[in-house]
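Asks: Next comes target-v3.tsv, TSV, C-alpha atoms:
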```tsv
chain	number	residue	atom	x	y	z
A	1	MET	CA	-28.04	-33.51	4.55
A	2	ASP	CA	-26.62	-31.13	7.16
A	3	ALA	CA	-24.06	-33.68	8.31
A	4	MET	CA	-22.95	-34.25	4.74
A	5	SER	CA	-22.57	-30.53	3.99
A	6	SER	CA	-20.70	-29.85	7.24
A	7	SER	CA	-18.36	-32.76	6.63
A	8	ALA	CA	-17.89	-31.52	3.07
A	9	MET	CA	-17.05	-28.06	4.46
A	10	LEU	CA	-14.64	-29.59	6.96
A	11	SER	CA	-12.87	-31.58	4.27
A	12	GLU	CA	-12.65	-28.40	2.13
A	13	ALA	CA	-11.14	-26.44	5.03
A	14	SER	CA	-8.65	-29.18	5.74
A	15	SER	CA	-7.70	-29.45	2.07
A	16	TRP	CA	-6.97	-25.69	1.91
A	17	SER	CA	-4.83	-25.84	5.03
A	18	ARG	CA	-3.21	-29.00	3.76
A	19	ALA	CA	-2.42	-27.24	0.49
A	20	LEU	CA	-0.77	-24.34	2.31
A	21	VAL	CA	1.27	-26.63	4.54
A	22	LYS	CA	2.35	-28.76	1.60
A	23	ILE	CA	3.96	-25.81	-0.19
A	24	SER	CA	7.65	-26.53	0.05
A	25	PRO	CA	9.67	-24.31	2.42
A	26	TYR	CA	12.10	-23.87	-0.46
A	27	THR	CA	9.34	-22.13	-2.40
A	28	PHE	CA	8.65	-19.78	0.47
A	29	SER	CA	12.36	-19.02	0.83
A	30	ALA	CA	12.84	-18.34	-2.86
A	31	VAL	CA	9.83	-16.03	-3.02
A	32	GLY	CA	11.08	-14.19	0.08
A	33	ILE	CA	14.48	-13.61	-1.46
A	34	ALA	CA	12.93	-12.44	-4.72
A	35	ILE	CA	10.64	-9.99	-2.93
A	36	SER	CA	13.42	-8.61	-0.78
A	37	ILE	CA	15.52	-7.55	-3.74
A	38	GLY	CA	12.83	-7.00	-6.35
A	39	VAL	CA	10.46	-4.80	-4.37
A	40	SER	CA	13.34	-2.85	-2.72
A	41	VAL	CA	14.76	-1.99	-6.13
A	42	LEU	CA	11.25	-1.00	-7.26
A	43	GLY	CA	11.02	1.49	-4.40
A	44	ALA	CA	14.51	2.83	-5.02
A	45	ALA	CA	13.92	3.28	-8.75
A	46	TRP	CA	10.59	5.00	-8.16
A	47	GLY	CA	12.21	7.42	-5.72
A	48	ILE	CA	15.15	8.14	-7.98
A	49	TYR	CA	13.04	8.93	-10.99
A	50	ILE	CA	10.72	11.22	-9.03
A	51	THR	CA	13.66	13.09	-7.49
A	52	GLY	CA	15.87	13.03	-10.57
A	53	SER	CA	13.33	14.52	-12.92
A	54	SER	CA	12.60	17.45	-10.57
A	55	LEU	CA	16.28	17.96	-9.89
A	56	ILE	CA	17.25	18.05	-13.56
A	57	GLY	CA	14.38	20.36	-14.43
A	58	ALA	CA	15.07	22.81	-11.62
A	59	ALA	CA	18.81	22.77	-12.35
A	60	ILE	CA	18.22	24.39	-15.75
A	61	LYS	CA	17.49	27.69	-14.07
A	62	GLU	CA	19.53	27.13	-10.85
A	63	PRO	CA	22.51	24.84	-11.53
A	64	ARG	CA	23.83	25.43	-8.02
A	65	ILE	CA	21.29	22.97	-6.55
A	66	THR	CA	22.68	19.90	-8.31
A	67	SER	CA	25.52	18.91	-6.00
A	68	LYS	CA	23.62	19.27	-2.70
A	69	ASN	CA	20.42	17.67	-3.91
A	70	LEU	CA	22.18	14.54	-5.07
A	71	ILE	CA	21.87	13.59	-1.41
A	72	SER	CA	18.22	12.70	-2.07
A	73	VAL	CA	19.26	10.37	-4.87
A	74	ILE	CA	21.85	8.79	-2.57
A	75	PHE	CA	19.21	8.11	0.09
A	76	CYS	CA	17.06	6.34	-2.50
A	77	GLU	CA	20.04	4.32	-3.72
A	78	ALA	CA	20.78	3.24	-0.15
A	79	VAL	CA	17.31	1.67	-0.04
A	80	ALA	CA	18.25	-0.58	-2.96
A	81	ILE	CA	21.52	-1.50	-1.26
A	82	TYR	CA	19.63	-2.55	1.88
A	83	GLY	CA	17.58	-4.89	-0.30
A	84	VAL	CA	20.75	-6.37	-1.83
A	85	ILE	CA	22.36	-6.89	1.59
A	86	VAL	CA	19.32	-8.73	2.97
A	87	ALA	CA	18.95	-10.81	-0.20
A	88	ILE	CA	22.57	-11.94	0.10
A	89	ILE	CA	22.11	-12.73	3.81
A	90	LEU	CA	18.96	-14.74	3.04
A	91	GLN	CA	20.74	-16.65	0.27
A	92	THR	CA	23.46	-17.71	2.68
A	93	LYS	CA	20.72	-19.01	4.97
A	94	LEU	CA	19.42	-21.46	2.35
A	95	GLU	CA	20.40	-25.06	2.98
A	96	SER	CA	19.20	-28.31	1.51
A	97	VAL	CA	17.64	-30.80	3.92
A	98	PRO	CA	17.09	-34.54	3.45
A	99	GLN	CA	13.85	-35.54	1.74
A	100	ALA	CA	12.40	-37.00	4.92
A	101	SER	CA	12.59	-33.77	6.94
A	102	ILE	CA	11.48	-31.32	4.27
A	103	TYR	CA	8.09	-30.87	5.96
A	104	ALA	CA	9.40	-31.11	9.49
A	105	PRO	CA	8.31	-28.18	11.70
A	106	GLU	CA	11.90	-26.91	11.85
A	107	SER	CA	12.11	-26.78	8.05
A	108	LEU	CA	8.78	-25.01	7.74
A	109	ARG	CA	9.86	-22.50	10.38
A	110	ALA	CA	13.06	-21.74	8.49
A	111	GLY	CA	11.18	-21.33	5.21
A	112	TYR	CA	8.61	-19.02	6.78
A	113	ALA	CA	11.33	-16.98	8.51
A	114	ILE	CA	13.15	-16.34	5.24
A	115	PHE	CA	9.85	-15.51	3.50
A	116	ALA	CA	8.82	-13.09	6.25
A	117	SER	CA	12.21	-11.43	6.28
A	118	GLY	CA	12.04	-10.88	2.53
A	119	ILE	CA	8.55	-9.39	2.70
A	120	ILE	CA	9.43	-7.12	5.62
A	121	VAL	CA	12.49	-5.71	3.91
A	122	GLY	CA	10.93	-5.46	0.46
A	123	PHE	CA	7.83	-3.53	1.42
A	124	ALA	CA	9.55	-1.32	3.99
A	125	ASN	CA	12.08	-0.31	1.37
A	126	LEU	CA	9.33	0.22	-1.22
A	127	VAL	CA	7.52	2.83	0.84
A	128	CYS	CA	10.79	4.34	2.10
A	129	GLY	CA	12.04	4.86	-1.45
A	130	LEU	CA	8.75	6.41	-2.48
A	131	CYS	CA	8.74	8.73	0.55
A	132	VAL	CA	12.32	9.89	0.09
A	133	GLY	CA	11.72	10.39	-3.63
A	134	ILE	CA	8.75	12.71	-3.19
A	135	ILE	CA	10.45	14.67	-0.41
A	136	GLY	CA	13.64	14.90	-2.49
A	137	SER	CA	11.69	16.29	-5.41
A	138	SER	CA	10.14	19.02	-3.21
A	139	CYS	CA	13.55	19.66	-1.67
A	140	ALA	CA	15.10	20.35	-5.08
A	141	LEU	CA	12.33	22.75	-6.05
A	142	SER	CA	12.35	24.64	-2.75
A	143	ASP	CA	16.16	24.81	-2.70
A	144	ALA	CA	16.03	26.39	-6.15
A	145	GLN	CA	13.72	29.08	-4.77
A	146	ASN	CA	15.33	29.60	-1.35
A	147	SER	CA	18.59	27.94	-0.40
A	148	THR	CA	18.05	28.29	3.36
A	149	LEU	CA	15.27	25.67	3.24
A	150	PHE	CA	17.56	22.83	2.17
A	151	VAL	CA	18.90	21.78	5.57
A	152	LYS	CA	15.43	21.73	7.16
A	153	ILE	CA	14.01	19.54	4.41
A	154	LEU	CA	17.05	17.25	4.71
A	155	VAL	CA	15.93	16.50	8.28
A	156	ILE	CA	12.57	15.30	6.92
A	157	GLU	CA	14.41	13.10	4.42
A	158	ILE	CA	16.52	11.56	7.17
A	159	PHE	CA	13.34	10.63	9.05
A	160	GLY	CA	11.93	9.09	5.89
A	161	SER	CA	15.10	7.13	5.27
A	162	ALA	CA	14.90	5.69	8.77
A	163	LEU	CA	11.75	3.79	7.75
A	164	GLY	CA	13.76	1.56	5.44
A	165	LEU	CA	16.35	1.09	8.15
A	166	PHE	CA	13.69	-0.19	10.59
A	167	GLY	CA	12.58	-2.77	8.04
A	168	VAL	CA	16.15	-3.92	7.43
A	169	ILE	CA	16.89	-4.30	11.14
A	170	VAL	CA	13.78	-6.39	11.76
A	171	GLY	CA	14.42	-8.42	8.60
A	172	ILE	CA	17.99	-9.26	9.60
A	173	ILE	CA	16.97	-10.29	13.11
A	174	MET	CA	14.15	-12.40	11.63
A	175	SER	CA	16.47	-14.15	9.20
A	176	ALA	CA	19.17	-14.79	11.80
A	177	GLN	CA	17.13	-17.49	13.48
A	178	ALA	CA	16.25	-19.36	10.30
A	179	SER	CA	17.95	-22.68	11.03
A	180	TRP	CA	17.16	-25.80	9.03
A	181	PRO	CA	17.17	-29.29	10.58
A	182	SER	CA	20.61	-30.84	10.55
A	183	LYS	CA	21.46	-33.59	8.05
A	184	VAL	CA	21.63	-36.72	10.18
B	1	MET	CA	28.89	2.66	-2.41
B	2	TRP	CA	27.82	-0.92	-2.16
B	3	ALA	CA	31.33	-2.36	-2.36
B	4	ALA	CA	32.16	-1.98	1.33
B	5	SER	CA	28.97	-3.68	2.50
B	6	LEU	CA	29.30	-6.56	0.03
B	7	ALA	CA	32.95	-6.99	1.03
B	8	ILE	CA	31.95	-7.20	4.70
B	9	LEU	CA	29.28	-9.82	3.95
B	10	TYR	CA	31.68	-11.84	1.80
B	11	GLY	CA	34.40	-11.62	4.46
B	12	PHE	CA	32.12	-12.90	7.21
B	13	ASN	CA	30.65	-15.73	5.17
B	14	HIS	CA	34.01	-17.02	3.95
B	15	ASN	CA	35.84	-16.46	7.25
B	16	LEU	CA	38.26	-13.91	5.78
B	17	LEU	CA	37.93	-11.41	8.62
B	18	PRO	CA	39.75	-12.07	11.91
B	19	GLY	CA	37.38	-13.27	14.60
B	20	SER	CA	34.65	-14.39	12.24
B	21	THR	CA	35.35	-18.13	12.48
B	22	ASN	CA	34.14	-18.67	16.02
B	23	LEU	CA	30.65	-17.21	15.67
B	24	SER	CA	27.47	-19.27	15.54
B	25	PRO	CA	25.35	-18.87	12.37
B	26	TYR	CA	22.91	-16.73	14.33
B	27	SER	CA	25.61	-14.31	15.45
B	28	THR	CA	27.30	-14.34	12.05
B	29	THR	CA	24.09	-13.22	10.36
B	30	LEU	CA	23.42	-10.51	12.91
B	31	VAL	CA	26.93	-9.10	13.05
B	32	SER	CA	27.57	-9.23	9.30
B	33	GLY	CA	24.17	-7.72	8.51
B	34	PHE	CA	24.48	-4.85	10.94
B	35	LEU	CA	28.08	-4.07	9.98
B	36	ALA	CA	27.10	-3.98	6.30
B	37	VAL	CA	24.20	-1.58	7.00
B	38	ILE	CA	26.44	0.61	9.15
B	39	SER	CA	29.07	0.74	6.39
B	40	VAL	CA	26.43	1.90	3.89
B	41	ASN	CA	25.40	4.64	6.30
B	42	ILE	CA	29.01	5.74	6.79
B	43	VAL	CA	29.39	6.10	3.02
B	44	ILE	CA	26.15	8.13	2.92
B	45	VAL	CA	27.41	10.48	5.66
B	46	PHE	CA	30.65	10.90	3.73
B	47	TYR	CA	28.72	11.85	0.56
B	48	ILE	CA	26.58	14.33	2.52
B	49	PHE	CA	29.72	15.88	3.97
B	50	MET	CA	31.29	16.22	0.51
B	51	ALA	CA	28.09	17.69	-0.96
B	52	MET	CA	27.69	20.31	1.77
B	53	ARG	CA	31.30	21.40	1.30
B	54	GLU	CA	30.87	22.32	-2.35
B	55	PRO	CA	30.62	26.10	-2.89
B	56	ALA	CA	27.22	27.28	-4.12
B	57	ASP	CA	28.52	29.98	-6.42
B	58	LYS	CA	30.50	27.57	-8.60
B	59	HIS	CA	27.59	26.96	-10.97
B	60	VAL	CA	26.07	29.74	-13.05
B	61	PRO	CA	23.01	29.36	-15.34
B	62	ASP	CA	23.78	29.51	-19.04
B	63	PRO	CA	23.64	33.24	-19.99
B	64	LYS	CA	22.25	32.48	-23.46
B	65	PHE	CA	19.35	30.56	-21.92
B	66	LEU	CA	18.66	33.39	-19.45
B	67	ALA	CA	18.65	36.01	-22.23
B	68	GLU	CA	16.24	33.95	-24.35
B	69	ALA	CA	13.95	33.34	-21.35
B	70	LYS	CA	13.77	37.07	-20.54
B	71	ALA	CA	13.12	37.91	-24.17
B	72	SER	CA	10.23	35.42	-24.39
B	73	MET	CA	8.72	36.79	-21.16
B	74	LYS	CA	8.79	40.37	-22.51
B	75	GLN	CA	7.28	39.22	-25.77
B	76	SER	CA	4.35	37.44	-24.06
B	77	THR	CA	3.50	40.47	-21.85
B	78	GLY	CA	3.67	42.75	-24.92
B	79	GLU	CA	1.21	40.52	-26.86
B	80	SER	CA	-1.30	40.30	-24.00
B	81	GLN	CA	-2.00	44.07	-24.13
B	82	GLN	CA	-3.03	44.13	-27.83
B	83	PRO	CA	-6.22	41.90	-27.90
B	84	ASN	CA	-8.12	44.37	-25.60
B	85	LYS	CA	-8.27	47.15	-28.23
B	86	PRO	CA	-10.33	45.38	-30.99
B	87	ILE	CA	-12.96	44.31	-28.41
B	88	LYS	CA	-13.48	47.91	-27.28
B	89	LYS	CA	-13.79	49.12	-30.90
B	90	GLN	CA	-16.66	46.69	-31.56
B	91	ASP	CA	-18.73	48.27	-28.75
```
Can you give me the file's structure in the form of structure tokens?
Replies:
Amino acid sequence: MDAMSSSAMLSEASSWSRALVKISPYTFSAVGIAISIGVSVLGAAWGIYITGSSLIGAAIKEPRITSKNLISVIFCEAVAIYGVIVAIILQTKLESVPQASIYAPESLRAGYAIFASGIIVGFANLVCGLCVGIIGSSCALSDAQNSTLFVKILVIEIFGSALGLFGVIVGIIMSAQASWPSKV
Amino acid sequence: MWAASLAILYGFNHNLLPGSTNLSPYSTTLVSGFLAVISVNIVIVFYIFMAMREPADKHVPDPKFLAEAKASMKQSTGESQQPNKPIKKQD
């Protein structure tokens, strides 16, 4: 009875791991590319609407804040552009391999590298866009009250924007070594 | 804003830029990616520079809006003094 249940558990564990390994590396690559652009744009849009609504509201009373505080919107937009750049780089890394080597370790490694790169960039840009958006909203409101605060809050925004940059750097380095087996 | 970075990526991938033909795929990805990100940051710095240069006194709030806002503030402070009197009379 115990031997049967343990062997049943072993076969279940091996079937789960087999299922994961049998997912095509093309699937992983495609999902990575989709996440890199989709989730980055989600973060950028979230940041822009948080900042934009505060900026437009505060500009009713103090229109002078509009031109300087567009910098916050530009930082959020840059997050989306990072996602586009990495998605294009990952697309150029996609190659088709012969049927026989689709589950070769080299193919799996390339698929996982593209997937990981997409996830890294997507989620780093998501939180970066959110961070810059909330700080940009506070920046607009405090600039409307006291214009000397703007430059100090811009420093905080620059630190927040660097988070997305870290994700992009690691994602690009990760994707650079995604090489598929050669067609021989 | 994104045009420069996309142009750099396109140039590297289709060997349009001088010196881009001899790189391995690894180096091509790294160099094109980092140059594209740097170009985006250069454009951002340019926008920041232009924004900081704009004079702050160029924009003035709409005087009609300001007059209406002040009038509504005076009206609300005038109304808040009246409800106290009927309560005292009932005592």
Asks: Taking only C-alpha atoms into account, report as number ranges by chain which residues of chain B lie within 10 Å of chain A.
Replies: B: 1-3, 5-6, 9-10, 13, 25-34, 36-37, 40-41, 43-45, 47-62, 65-66, 69
Asks: What is the CA of Gly160 (chain A) to CA of Ala7 (chain B) distance in Å?
Replies: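 About the pair CA of Gly160 (chain A) and CA of Ala7 (chain B): they are 26.9 Å apart.
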Asks: If I take CA of Cys131 (chain A) and CA of Gly47 (chain A), how far is one from the other in Å, to one decimal?
Replies: 7.3 Å
